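Raw entry.pdb, PDB, C-alpha atoms and all ligand atoms:
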ATOM      1  CA  MET G   1       0.000   0.000   0.000  1.00  0.00           C
ATOM      2  CA  SER G   2       1.431   3.308  -1.055  1.00  0.00           C
ATOM      3  CA  ASP G   3       1.148   5.332   2.179  1.00  0.00           C
ATOM      4  CA  SER G   4       4.490   5.076   3.995  1.00  0.00           C
ATOM      5  CA  ALA G   5       4.980   5.188   7.746  1.00  0.00           C
ATOM      6  CA  MET G   6       8.540   6.575   7.451  1.00  0.00           C
ATOM      7  CA  PRO G   7      10.886   7.966   4.750  1.00  0.00           C
ATOM      8  CA  SER G   8      12.048   5.373   2.238  1.00  0.00           C
ATOM      9  CA  PHE G   9      15.621   4.582   1.269  1.00  0.00           C
ATOM     10  CA  TRP G  10      14.549   3.301  -2.182  1.00  0.00           C
ATOM     11  CA  GLY G  11      12.517   6.323  -3.256  1.00  0.00           C
ATOM     12  CA  PRO G  12       9.048   6.263  -4.792  1.00  0.00           C
ATOM     13  CA  VAL G  13       7.437   2.947  -5.755  1.00  0.00           C
ATOM     14  CA  THR G  14       8.144   2.106  -9.421  1.00  0.00           C
ATOM     15  CA  SER G  15       6.914  -1.531  -9.522  1.00  0.00           C
ATOM     16  CA  SER G  16       3.676  -2.120 -11.434  1.00  0.00           C
ATOM     17  CA  THR G  17       2.057  -3.791  -8.464  1.00  0.00           C
ATOM     18  CA  GLU G  18       1.920  -3.396  -4.692  1.00  0.00           C
ATOM     19  CA  TRP G  19       0.441  -5.579  -1.972  1.00  0.00           C
ATOM     20  CA  CYS G  20      -1.883  -5.053   0.932  1.00  0.00           C
ATOM     21  CA  GLU G  21       0.812  -4.191   3.454  1.00  0.00           C
ATOM     22  CA  LYS G  22       1.637  -0.690   4.633  1.00  0.00           C
ATOM     23  CA  ASN G  23       5.039   0.430   3.297  1.00  0.00           C
ATOM     24  CA  TYR G  24       8.089   1.205   5.438  1.00  0.00           C
ATOM     25  CA  THR G  25       6.540   0.411   8.812  1.00  0.00           C
ATOM     26  CA  HIS G  26       9.636  -1.102  10.450  1.00  0.00           C
ATOM     27  CA  SER G  27      12.659   0.173   8.517  1.00  0.00           C
ATOM     28  CA  PRO G  28      13.425   2.756   5.802  1.00  0.00           C
ATOM     29  CA  TYR G  29      15.252  -0.071   3.942  1.00  0.00           C
ATOM     30  CA  ILE G  30      12.328  -2.512   3.785  1.00  0.00           C
ATOM     31  CA  ALA G  31       9.169  -1.419   1.948  1.00  0.00           C
ATOM     32  CA  GLU G  32       6.965  -4.388   2.809  1.00  0.00           C
ATOM     33  CA  PHE G  33       8.343  -5.848   6.038  1.00  0.00           C
ATOM     34  CA  TYR G  34       6.284  -9.050   6.397  1.00  0.00           C
ATOM     35  CA  ASN G  35       6.206  -9.740   2.651  1.00  0.00           C
ATOM     36  CA  THR G  36      10.015  -9.586   2.660  1.00  0.00           C
ATOM     37  CA  LEU G  37      10.758 -11.657   5.768  1.00  0.00           C
ATOM     38  CA  SER G  38       8.184 -14.335   4.879  1.00  0.00           C
ATOM     39  CA  ASN G  39      10.535 -15.589   2.131  1.00  0.00           C
ATOM     40  CA  VAL G  40      13.123 -16.756   4.674  1.00  0.00           C
ATOM     41  CA  PRO G  41      11.397 -20.117   5.403  1.00  0.00           C
ATOM     42  CA  CYS G  42      11.488 -20.906   1.659  1.00  0.00           C
ATOM     43  CA  ILE G  43      15.290 -20.433   1.602  1.00  0.00           C
ATOM     44  CA  PHE G  44      15.702 -22.581   4.712  1.00  0.00           C
ATOM     45  CA  LEU G  45      13.455 -25.377   3.351  1.00  0.00           C
ATOM     46  CA  ALA G  46      15.233 -25.337  -0.022  1.00  0.00           C
ATOM     47  CA  LEU G  47      18.529 -25.661   1.867  1.00  0.00           C
ATOM     48  CA  ILE G  48      17.231 -28.795   3.622  1.00  0.00           C
ATOM     49  CA  GLY G  49      16.139 -30.210   0.236  1.00  0.00           C
ATOM     50  CA  LEU G  50      19.446 -29.318  -1.403  1.00  0.00           C
ATOM     51  CA  THR G  51      21.464 -30.931   1.407  1.00  0.00           C
ATOM     52  CA  ASN G  52      19.449 -34.133   1.043  1.00  0.00           C
ATOM     53  CA  ALA G  53      19.732 -34.156  -2.776  1.00  0.00           C
ATOM     54  CA  LEU G  54      23.528 -33.711  -2.593  1.00  0.00           C
ATOM     55  CA  ARG G  55      23.988 -36.183   0.264  1.00  0.00           C
ATOM     56  CA  LEU G  56      22.113 -38.927  -1.598  1.00  0.00           C
ATOM     57  CA  ARG G  57      23.735 -38.009  -4.936  1.00  0.00           C
ATOM     58  CA  PHE G  58      20.471 -37.374  -6.717  1.00  0.00           C
ATOM     59  CA  GLU G  59      20.693 -36.167 -10.309  1.00  0.00           C
ATOM     60  CA  LYS G  60      21.875 -32.556 -10.611  1.00  0.00           C
ATOM     61  CA  ARG G  61      18.457 -31.386 -11.799  1.00  0.00           C
ATOM     62  CA  PHE G  62      17.146 -31.732  -8.222  1.00  0.00           C
ATOM     63  CA  SER G  63      19.962 -29.639  -6.750  1.00  0.00           C
ATOM     64  CA  VAL G  64      19.268 -27.032  -9.442  1.00  0.00           C
ATOM     65  CA  LEU G  65      15.570 -27.144  -8.551  1.00  0.00           C
ATOM     66  CA  HIS G  66      16.266 -26.473  -4.857  1.00  0.00           C
ATOM     67  CA  ILE G  67      18.777 -23.726  -5.727  1.00  0.00           C
ATOM     68  CA  SER G  68      16.225 -22.131  -8.070  1.00  0.00           C
ATOM     69  CA  ASN G  69      13.737 -22.059  -5.149  1.00  0.00           C
ATOM     70  CA  MET G  70      16.338 -20.144  -3.144  1.00  0.00           C
ATOM     71  CA  ILE G  71      16.988 -17.703  -6.007  1.00  0.00           C
ATOM     72  CA  LEU G  72      13.251 -17.200  -6.360  1.00  0.00           C
ATOM     73  CA  ALA G  73      12.880 -16.409  -2.652  1.00  0.00           C
ATOM     74  CA  ILE G  74      15.835 -13.984  -2.741  1.00  0.00           C
ATOM     75  CA  GLY G  75      14.363 -12.276  -5.841  1.00  0.00           C
ATOM     76  CA  SER G  76      11.035 -11.986  -4.045  1.00  0.00           C
ATOM     77  CA  MET G  77      12.743 -10.472  -0.981  1.00  0.00           C
ATOM     78  CA  LEU G  78      14.472  -7.873  -3.178  1.00  0.00           C
ATOM     79  CA  PHE G  79      11.196  -6.994  -4.854  1.00  0.00           C
ATOM     80  CA  HIS G  80       9.107  -6.654  -1.690  1.00  0.00           C
ATOM     81  CA  ALA G  81      11.895  -4.802   0.138  1.00  0.00           C
ATOM     82  CA  THR G  82      12.314  -2.175  -2.596  1.00  0.00           C
ATOM     83  CA  LEU G  83       9.092  -2.132  -4.707  1.00  0.00           C
ATOM     84  CA  GLN G  84      11.193  -1.114  -7.708  1.00  0.00           C
ATOM     85  CA  LYS G  85      10.581  -2.131 -11.330  1.00  0.00           C
ATOM     86  CA  THR G  86      13.996  -3.808 -11.824  1.00  0.00           C
ATOM     87  CA  GLN G  87      13.623  -5.859  -8.642  1.00  0.00           C
ATOM     88  CA  GLN G  88      10.108  -6.814  -9.737  1.00  0.00           C
ATOM     89  CA  GLN G  89      11.720  -8.440 -12.776  1.00  0.00           C
ATOM     90  CA  SER G  90      14.244 -10.181 -10.499  1.00  0.00           C
ATOM     91  CA  ASP G  91      11.204 -11.765  -8.837  1.00  0.00           C
ATOM     92  CA  GLU G  92       9.125 -12.565 -11.928  1.00  0.00           C
ATOM     93  CA  THR G  93      11.772 -13.819 -14.374  1.00  0.00           C
ATOM     94  CA  PRO G  94      13.076 -16.593 -12.053  1.00  0.00           C
ATOM     95  CA  MET G  95       9.420 -17.653 -11.517  1.00  0.00           C
ATOM     96  CA  VAL G  96       9.236 -18.554 -15.219  1.00  0.00           C
ATOM     97  CA  TRP G  97      12.719 -20.128 -15.272  1.00  0.00           C
ATOM     98  CA  GLU G  98      11.760 -22.305 -12.330  1.00  0.00           C
ATOM     99  CA  MET G  99       8.573 -23.451 -14.052  1.00  0.00           C
ATOM    100  CA  LEU G 100      10.611 -24.406 -17.152  1.00  0.00           C
ATOM    101  CA  LEU G 101      12.835 -26.468 -14.863  1.00  0.00           C
ATOM    102  CA  TYR G 102       9.810 -28.264 -13.432  1.00  0.00           C
ATOM    103  CA  LEU G 103       8.581 -29.014 -16.954  1.00  0.00           C
ATOM    104  CA  TYR G 104      12.010 -30.454 -17.751  1.00  0.00           C
ATOM    105  CA  VAL G 105      12.066 -32.641 -14.636  1.00  0.00           C
ATOM    106  CA  LEU G 106       8.505 -33.829 -15.277  1.00  0.00           C
ATOM    107  CA  TYR G 107       8.632 -34.482 -19.009  1.00  0.00           C
ATOM    108  CA  SER G 108      12.276 -35.091 -19.999  1.00  0.00           C
ATOM    109  CA  GLN G 109      11.888 -38.895 -19.798  1.00  0.00           C
ATOM    110  CA  ASP G 110       9.329 -38.830 -22.622  1.00  0.00           C
ATOM    111  CA  TRP G 111      10.949 -36.274 -24.886  1.00  0.00           C
ATOM    112  CA  HIS G 112      11.993 -38.040 -28.067  1.00  0.00           C
ATOM    113  CA  TYR G 113      15.163 -36.083 -28.852  1.00  0.00           C
ATOM    114  CA  ARG G 114      16.381 -35.794 -25.292  1.00  0.00           C
ATOM    115  CA  SER G 115      19.297 -33.418 -25.835  1.00  0.00           C
ATOM    116  CA  THR G 116      17.086 -30.856 -27.584  1.00  0.00           C
ATOM    117  CA  MET G 117      14.858 -30.348 -24.539  1.00  0.00           C
ATOM    118  CA  PRO G 118      17.363 -28.496 -22.306  1.00  0.00           C
ATOM    119  CA  ILE G 119      18.433 -26.382 -25.301  1.00  0.00           C
ATOM    120  CA  PHE G 120      14.813 -25.505 -26.077  1.00  0.00           C
ATOM    121  CA  PHE G 121      14.038 -24.564 -22.461  1.00  0.00           C
ATOM    122  CA  PHE G 122      17.292 -22.614 -22.121  1.00  0.00           C
ATOM    123  CA  LEU G 123      16.534 -20.542 -25.237  1.00  0.00           C
ATOM    124  CA  TYR G 124      12.930 -20.085 -24.105  1.00  0.00           C
ATOM    125  CA  GLY G 125      14.143 -18.792 -20.720  1.00  0.00           C
ATOM    126  CA  VAL G 126      16.647 -16.398 -22.320  1.00  0.00           C
ATOM    127  CA  VAL G 127      14.107 -15.025 -24.828  1.00  0.00           C
ATOM    128  CA  PHE G 128      11.537 -14.595 -22.062  1.00  0.00           C
ATOM    129  CA  ALA G 129      14.025 -12.718 -19.830  1.00  0.00           C
ATOM    130  CA  ILE G 130      14.908 -10.347 -22.690  1.00  0.00           C
ATOM    131  CA  VAL G 131      11.275  -9.700 -23.656  1.00  0.00           C
ATOM    132  CA  HIS G 132      10.215  -9.272 -20.023  1.00  0.00           C
ATOM    133  CA  SER G 133      13.034  -6.782 -19.376  1.00  0.00           C
ATOM    134  CA  GLN G 134      12.029  -4.660 -22.387  1.00  0.00           C
ATOM    135  CA  VAL G 135       8.236  -4.903 -22.447  1.00  0.00           C
ATOM    136  CA  HIS G 136       5.958  -4.611 -19.462  1.00  0.00           C
ATOM    137  CA  LEU G 137       3.956  -7.854 -19.773  1.00  0.00           C
ATOM    138  CA  GLY G 138       1.501  -7.199 -16.919  1.00  0.00           C
ATOM    139  CA  MET G 139      -1.511  -9.471 -17.351  1.00  0.00           C
ATOM    140  CA  ALA G 140       0.230 -11.412 -20.162  1.00  0.00           C
ATOM    141  CA  PHE G 141       2.897 -12.410 -17.613  1.00  0.00           C
ATOM    142  CA  LYS G 142       0.237 -13.797 -15.259  1.00  0.00           C
ATOM    143  CA  VAL G 143      -1.529 -15.721 -18.068  1.00  0.00           C
ATOM    144  CA  HIS G 144       1.768 -17.118 -19.391  1.00  0.00           C
ATOM    145  CA  TYR G 145       2.928 -18.167 -15.907  1.00  0.00           C
ATOM    146  CA  THR G 146      -0.419 -19.795 -15.106  1.00  0.00           C
ATOM    147  CA  ALA G 147      -0.295 -21.707 -18.421  1.00  0.00           C
ATOM    148  CA  LEU G 148       3.172 -23.063 -17.546  1.00  0.00           C
ATOM    149  CA  CYS G 149       1.894 -24.128 -14.104  1.00  0.00           C
ATOM    150  CA  LEU G 150      -1.106 -25.883 -15.669  1.00  0.00           C
ATOM    151  CA  LEU G 151       1.181 -27.822 -18.026  1.00  0.00           C
ATOM    152  CA  CYS G 152       2.774 -29.463 -14.963  1.00  0.00           C
ATOM    153  CA  ILE G 153      -0.526 -30.796 -13.593  1.00  0.00           C
ATOM    154  CA  PRO G 154      -1.185 -33.818 -15.888  1.00  0.00           C
ATOM    155  CA  ARG G 155       2.218 -35.372 -15.115  1.00  0.00           C
ATOM    156  CA  MET G 156       1.991 -34.615 -11.388  1.00  0.00           C
ATOM    157  CA  TYR G 157      -1.434 -36.293 -11.378  1.00  0.00           C
ATOM    158  CA  LYS G 158      -0.030 -39.322 -13.215  1.00  0.00           C
ATOM    159  CA  TYR G 159       2.815 -39.620 -10.696  1.00  0.00           C
ATOM    160  CA  TYR G 160       0.311 -39.364  -7.860  1.00  0.00           C
ATOM    161  CA  VAL G 161      -1.936 -42.083  -9.305  1.00  0.00           C
ATOM    162  CA  TYR G 162       0.987 -44.463  -9.897  1.00  0.00           C
ATOM    163  CA  THR G 163       2.467 -43.919  -6.434  1.00  0.00           C
ATOM    164  CA  LYS G 164       1.390 -46.652  -4.036  1.00  0.00           C
ATOM    165  CA  ASP G 165       3.444 -45.538  -1.023  1.00  0.00           C
ATOM    166  CA  ILE G 166       1.029 -43.892   1.441  1.00  0.00           C
ATOM    167  CA  ALA G 167       3.646 -41.571   2.970  1.00  0.00           C
ATOM    168  CA  ALA G 168       4.750 -40.320  -0.484  1.00  0.00           C
ATOM    169  CA  LYS G 169       1.106 -39.789  -1.435  1.00  0.00           C
ATOM    170  CA  ARG G 170       0.674 -37.718   1.721  1.00  0.00           C
ATOM    171  CA  ILE G 171       3.542 -35.455   0.609  1.00  0.00           C
ATOM    172  CA  ALA G 172       1.764 -34.919  -2.729  1.00  0.00           C
ATOM    173  CA  GLN G 173      -1.448 -34.105  -0.813  1.00  0.00           C
ATOM    174  CA  MET G 174       0.427 -31.568   1.300  1.00  0.00           C
ATOM    175  CA  TYR G 175       1.778 -30.081  -1.932  1.00  0.00           C
ATOM    176  CA  LEU G 176      -1.771 -29.627  -3.219  1.00  0.00           C
ATOM    177  CA  GLY G 177      -3.088 -28.437   0.171  1.00  0.00           C
ATOM    178  CA  THR G 178      -0.437 -25.701   0.553  1.00  0.00           C
ATOM    179  CA  LEU G 179      -1.013 -24.613  -3.061  1.00  0.00           C
ATOM    180  CA  CYS G 180      -4.806 -24.267  -2.609  1.00  0.00           C
ATOM    181  CA  LEU G 181      -4.607 -22.584   0.802  1.00  0.00           C
ATOM    182  CA  GLY G 182      -1.811 -20.268  -0.377  1.00  0.00           C
ATOM    183  CA  GLY G 183      -3.792 -19.393  -3.523  1.00  0.00           C
ATOM    184  CA  LEU G 184      -6.876 -18.547  -1.454  1.00  0.00           C
ATOM    185  CA  LEU G 185      -4.876 -16.295   0.868  1.00  0.00           C
ATOM    186  CA  TRP G 186      -3.234 -14.598  -2.143  1.00  0.00           C
ATOM    187  CA  LEU G 187      -6.677 -13.898  -3.644  1.00  0.00           C
ATOM    188  CA  PHE G 188      -8.131 -12.808  -0.302  1.00  0.00           C
ATOM    189  CA  ASP G 189      -5.285 -10.310   0.172  1.00  0.00           C
ATOM    190  CA  ARG G 190      -5.701  -9.035  -3.380  1.00  0.00           C
ATOM    191  CA  MET G 191      -9.485  -8.775  -3.560  1.00  0.00           C
ATOM    192  CA  PHE G 192     -10.360  -7.466  -0.111  1.00  0.00           C
ATOM    193  CA  CYS G 193      -7.415  -5.133   0.504  1.00  0.00           C
ATOM    194  CA  SER G 194      -9.592  -2.048   0.991  1.00  0.00           C
ATOM    195  CA  LYS G 195     -11.541  -3.833   3.757  1.00  0.00           C
ATOM    196  CA  ILE G 196      -8.513  -5.565   5.319  1.00  0.00           C
ATOM    197  CA  SER G 197      -6.702  -2.221   5.570  1.00  0.00           C
ATOM    198  CA  LEU G 198      -9.366  -1.006   7.997  1.00  0.00           C
ATOM    199  CA  TRP G 199      -8.899  -3.997  10.323  1.00  0.00           C
ATOM    200  CA  TYR G 200      -6.962  -3.532  13.557  1.00  0.00           C
ATOM    201  CA  ILE G 201      -4.566  -6.333  12.526  1.00  0.00           C
ATOM    202  CA  ASN G 202      -3.703  -7.082   8.882  1.00  0.00           C
ATOM    203  CA  PRO G 203      -3.629 -10.914   8.475  1.00  0.00           C
ATOM    204  CA  GLN G 204      -0.817 -10.492   5.890  1.00  0.00           C
ATOM    205  CA  GLY G 205      -2.332 -12.843   3.306  1.00  0.00           C
ATOM    206  CA  HIS G 206       0.520 -12.323   0.848  1.00  0.00           C
ATOM    207  CA  ALA G 207       3.186 -13.083   3.472  1.00  0.00           C
ATOM    208  CA  CYS G 208       1.261 -16.265   4.406  1.00  0.00           C
ATOM    209  CA  TRP G 209       1.248 -17.187   0.702  1.00  0.00           C
ATOM    210  CA  HIS G 210       5.078 -16.883   0.669  1.00  0.00           C
ATOM    211  CA  VAL G 211       5.455 -19.182   3.676  1.00  0.00           C
ATOM    212  CA  LEU G 212       3.021 -21.725   2.227  1.00  0.00           C
ATOM    213  CA  MET G 213       4.756 -21.574  -1.177  1.00  0.00           C
ATOM    214  CA  GLY G 214       8.066 -22.342   0.543  1.00  0.00           C
ATOM    215  CA  PHE G 215       6.533 -25.529   1.963  1.00  0.00           C
ATOM    216  CA  ASN G 216       4.745 -26.170  -1.348  1.00  0.00           C
ATOM    217  CA  ALA G 217       8.036 -26.136  -3.300  1.00  0.00           C
ATOM    218  CA  TYR G 218       9.687 -28.369  -0.704  1.00  0.00           C
ATOM    219  CA  PHE G 219       6.848 -30.922  -0.846  1.00  0.00           C
ATOM    220  CA  GLU G 220       6.787 -30.844  -4.648  1.00  0.00           C
ATOM    221  CA  ASN G 221      10.537 -31.393  -4.941  1.00  0.00           C
ATOM    222  CA  THR G 222      10.494 -34.130  -2.299  1.00  0.00           C
ATOM    223  CA  PHE G 223       7.641 -35.939  -4.053  1.00  0.00           C
ATOM    224  CA  LEU G 224       9.425 -35.653  -7.423  1.00  0.00           C
ATOM    225  CA  MET G 225      12.641 -36.984  -5.854  1.00  0.00           C
ATOM    226  CA  PHE G 226      10.681 -39.945  -4.504  1.00  0.00           C
ATOM    227  CA  CYS G 227       9.140 -40.656  -7.948  1.00  0.00           C
ATOM    228  CA  ARG G 228      12.488 -40.329  -9.724  1.00  0.00           C
ATOM    229  CA  ALA G 229      14.213 -42.608  -7.202  1.00  0.00           C
ATOM    230  CA  ARG G 230      11.501 -45.185  -7.808  1.00  0.00           C
ATOM    231  CA  GLN G 231      12.007 -44.944 -11.606  1.00  0.00           C
ATOM    232  CA  LEU G 232      15.721 -45.558 -11.052  1.00  0.00           C
ATOM    233  CA  GLN G 233      14.935 -48.453  -8.671  1.00  0.00           C
ATOM    234  CA  TRP G 234      16.698 -46.835  -5.731  1.00  0.00           C
ATOM    235  CA  LYS G 235      14.077 -48.224  -3.299  1.00  0.00           C
ATOM    236  CA  PRO G 236      12.928 -44.829  -1.926  1.00  0.00           C
ATOM    237  CA  ARG G 237      11.080 -44.405   1.339  1.00  0.00           C
ATOM    238  CA  VAL G 238       9.866 -41.407   3.281  1.00  0.00           C
ATOM    239  CA  ALA G 239      11.644 -40.660   6.572  1.00  0.00           C
ATOM    240  CA  TYR G 240      10.934 -37.824   9.026  1.00  0.00           C
ATOM    241  CA  ILE G 241      13.078 -35.146  10.672  1.00  0.00           C
ATOM    242  CA  PHE G 242      11.951 -34.757  14.353  1.00  0.00           C
ATOM    243  CA  GLY G 243       9.338 -37.396  13.643  1.00  0.00           C
ATOM    244  CA  PHE G 244       7.104 -35.223  11.441  1.00  0.00           C
ATOM    245  CA  PHE G 245       8.985 -33.385   8.681  1.00  0.00           C
ATOM    246  CA  PRO G 246       9.281 -35.618   5.577  1.00  0.00           C
ATOM    247  CA  TYR G 247      12.321 -36.244   3.396  1.00  0.00           C
ATOM    248  CA  VAL G 248      13.325 -39.025   1.003  1.00  0.00           C
ATOM    249  CA  LYS G 249      15.701 -41.850   1.878  1.00  0.00           C
ATOM    250  CA  ILE G 250      17.016 -44.239  -0.767  1.00  0.00           C
ATOM    251  CA  GLN G 251      18.945 -47.456  -1.099  1.00  0.00           C
ATOM    252  CA  LYS G 252      21.011 -47.570  -4.284  1.00  0.00           C
ATOM    253  CA  HIS G 253      22.410 -50.734  -5.848  1.00  0.00           C
ATOM    254  CA  LYS G 254      26.059 -51.321  -4.911  1.00  0.00           C
ATOM    255  CA  GLN G 255      27.403 -50.378  -8.394  1.00  0.00           C
ATOM    256  CA  GLN G 256      25.420 -47.055  -8.337  1.00  0.00           C
TER     257      GLN G 256
HETATM  258 ZN    ZN G 301       5.288 -11.908  -3.209  1.00  0.00          ZN
END

Using structure tokens, write down the structure from this file.
Amino acid sequence: MSDSAMPSFWGPVTSSTEWCEKNYTHSPYIAEFYNTLSNVPCIFLALIGLTNALRLRFEKRFSVLHISNMILAIGSMLFHATLQKTQQQSDETPMVWEMLLYLYVLYSQDWHYRSTMPIFFFLYGVVFAIVHSQVHLGMAFKVHYTALCLLCIPRMYKYYVYTKDIAAKRIAQMYLGTLCLGGLLWLFDRMFCSKISLWYINPQGHACWHVLMGFNAYFENTFLMFCRARQLQWKPRVAYIFGFFPYVKIQKHKQQ
């Protein structure tokens, strides 16, 4: 929200969008305080996923996926902290790159000319970044991003249906649950901002969306790691940190 509680270090807002949080309430360096800090759990969760992927020597694509979640969260922090146009792009462009990565992880097994797929996605990502930096895509960005997300659904559904392990299925359910709840809170924050602003306490719907999306990405990556390990016959199973937080354990063949 454009009214600031204190002078801003970054100057006037130049991003095309703002969220339902009062600007510069806690520090002149952070425009949207809660929307910035709420990205920290995503970085922490991606670090847990990355450590596990490296420790178990999963294919590099999974490490890249976890790292891209971290980059996304850092980009989002920069955007919400500054509300500047350039930083908005540092949030939005990695969102598309990450979705291209998911499409690669989900569909690369079926792509006929396997080596062409990474090249195609790489070029797509580069062209998108250039176009997005030059032209303000606005609604077209949202439609394009949603279309990429929707392309992931058929394969995720297929993986879910073919997974018999109850604990792995539960991870996929948590992925869906965090996505739906996060989406609702995002919409709620967006649609009812004028009413929410009058409340004594702002429920910070967008910050809640960030936290839930951090968990959502972790659950998605963990479920995909489980499915990939099963394809490679690494005998995956779900284990729990502190008895409740899931991660994948595997048992490779001796020669692997
Ligand atoms: Zn955000």

Output of the PyMOL selection byres (((not hetatm)) within 8 of (chain G and resi 301)), listed as a list in words:
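The output of the PyMOL selection byres (((not hetatm)) within 8 of (chain G and resi 301)) on this file is Asn35, Thr36, Ser76, Met77, Phe79, His80, His206, Ala207, Trp209 and His210 of chain G.
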
Save the residues we just selected, C-alpha atoms, as a CSV table (one decimal), in the coordinates of the input?
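After the write, result-v7.csv holds the following:
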chain,number,residue,atom,x,y,z
G,35,ASN,CA,6.2,-9.7,2.7
G,36,THR,CA,10.0,-9.6,2.7
G,76,SER,CA,11.0,-12.0,-4.0
G,77,MET,CA,12.7,-10.5,-1.0
G,79,PHE,CA,11.2,-7.0,-4.9
G,80,HIS,CA,9.1,-6.7,-1.7
G,206,HIS,CA,0.5,-12.3,0.8
G,207,ALA,CA,3.2,-13.1,3.5
G,209,TRP,CA,1.2,-17.2,0.7
G,210,HIS,CA,5.1,-16.9,0.7

Surrounding residues of Ser133 of chain G excluding itself and chain neighbours under 3 positions, 7 Å, only C-alpha atoms, as an MDAnalysis selection string
chainID G and resid 89 129:130

Could you take the residues named above and write them with C-alpha atoms, as a PDB file, in the frame of the given file?
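Okay, result31.pdb is ready:
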ATOM      1  CA  GLN G  89      11.720  -8.440 -12.776  1.00  0.00           C
ATOM      2  CA  ALA G 129      14.025 -12.718 -19.830  1.00  0.00           C
ATOM      3  CA  ILE G 130      14.908 -10.347 -22.690  1.00  0.00           C
TER       4      ILE G 130
END

I need the output of the PyMOL selection byres (((chain G and resi 114-126) around 10) and not hetatm) for this file as a PyMOL selection string; which residues are they?
chain G and resi 93-94+96-101+103-104+107-113+127-132

Fewer than 5 positions away in the same chain doesn't count, so skip those; otherwise give me all residues within 6 Å of segment 40-54 of chain G, counting all atoms listed in the file, as a list in words.
Ser63, His66, Met70 and Gly214 of chain G

Picked residues, the PyMOL selection byres (((chain G and resi 32) around 6) and not hetatm), expected as a VMD selection string
chain G and resid 23 30 to 31 33 to 35 80 to 81

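Coordinates place atom CA of Cys152 of chain G at a distance of 27.6 Å from atom CA of Ser16 of chain G.
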
Minimum-distance residue to Thr25 of chain G, chosen among G:Pro236, G:Gly75, G:Pro7, G:Pro12 (using all atoms listed in the file)
G:Pro7

Spatial neighbours of Arg230 of chain G, 12 Å, only C-alpha atoms, chain gap at least 6 places, as a list in words
Phe58, Tyr159, Tyr162, Thr163, Lys164, Asp165, Ala168, Phe223, Leu224, Pro236, Arg237, Val238, Val248, Lys249, Ile250, Gln251 and Lys252 of chain G

Identify which of the residues G:Ile71, G:Ala140, G:Ile201, G:Cys208 lies closest to Leu184 of chain G, counting only C-alpha atoms when measuring atom-to-atom distances.
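The shortest atom-to-atom distance to Leu184 of chain G comes from G:Cys208.
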
With C-alpha atoms as the atom set, please write segment 197-223 of chain G from the structure just given, as an mmCIF file, in the first residue's frame.
data_model
loop_
_atom_site.group_PDB
_atom_site.id
_atom_site.type_symbol
_atom_site.label_atom_id
_atom_site.label_comp_id
_atom_site.auth_asym_id
_atom_site.auth_seq_id
_atom_site.Cartn_x
_atom_site.Cartn_y
_atom_site.Cartn_z
ATOM 1 C CA SER G 197 -6.702 -2.221 5.570
ATOM 2 C CA LEU G 198 -9.366 -1.006 7.997
ATOM 3 C CA TRP G 199 -8.899 -3.997 10.323
ATOM 4 C CA TYR G 200 -6.962 -3.532 13.557
ATOM 5 C CA ILE G 201 -4.566 -6.333 12.526
ATOM 6 C CA ASN G 202 -3.703 -7.082 8.882
ATOM 7 C CA PRO G 203 -3.629 -10.914 8.475
ATOM 8 C CA GLN G 204 -0.817 -10.492 5.890
ATOM 9 C CA GLY G 205 -2.332 -12.843 3.306
ATOM 10 C CA HIS G 206 0.520 -12.323 0.848
ATOM 11 C CA ALA G 207 3.186 -13.083 3.472
ATOM 12 C CA CYS G 208 1.261 -16.265 4.406
ATOM 13 C CA TRP G 209 1.248 -17.187 0.702
ATOM 14 C CA HIS G 210 5.078 -16.883 0.669
ATOM 15 C CA VAL G 211 5.455 -19.182 3.676
ATOM 16 C CA LEU G 212 3.021 -21.725 2.227
ATOM 17 C CA MET G 213 4.756 -21.574 -1.177
ATOM 18 C CA GLY G 214 8.066 -22.342 0.543
ATOM 19 C CA PHE G 215 6.533 -25.529 1.963
ATOM 20 C CA ASN G 216 4.745 -26.170 -1.348
ATOM 21 C CA ALA G 217 8.036 -26.136 -3.300
ATOM 22 C CA TYR G 218 9.687 -28.369 -0.704
ATOM 23 C CA PHE G 219 6.848 -30.922 -0.846
ATOM 24 C CA GLU G 220 6.787 -30.844 -4.648
ATOM 25 C CA ASN G 221 10.537 -31.393 -4.941
ATOM 26 C CA THR G 222 10.494 -34.130 -2.299
ATOM 27 C CA PHE G 223 7.641 -35.939 -4.053
#
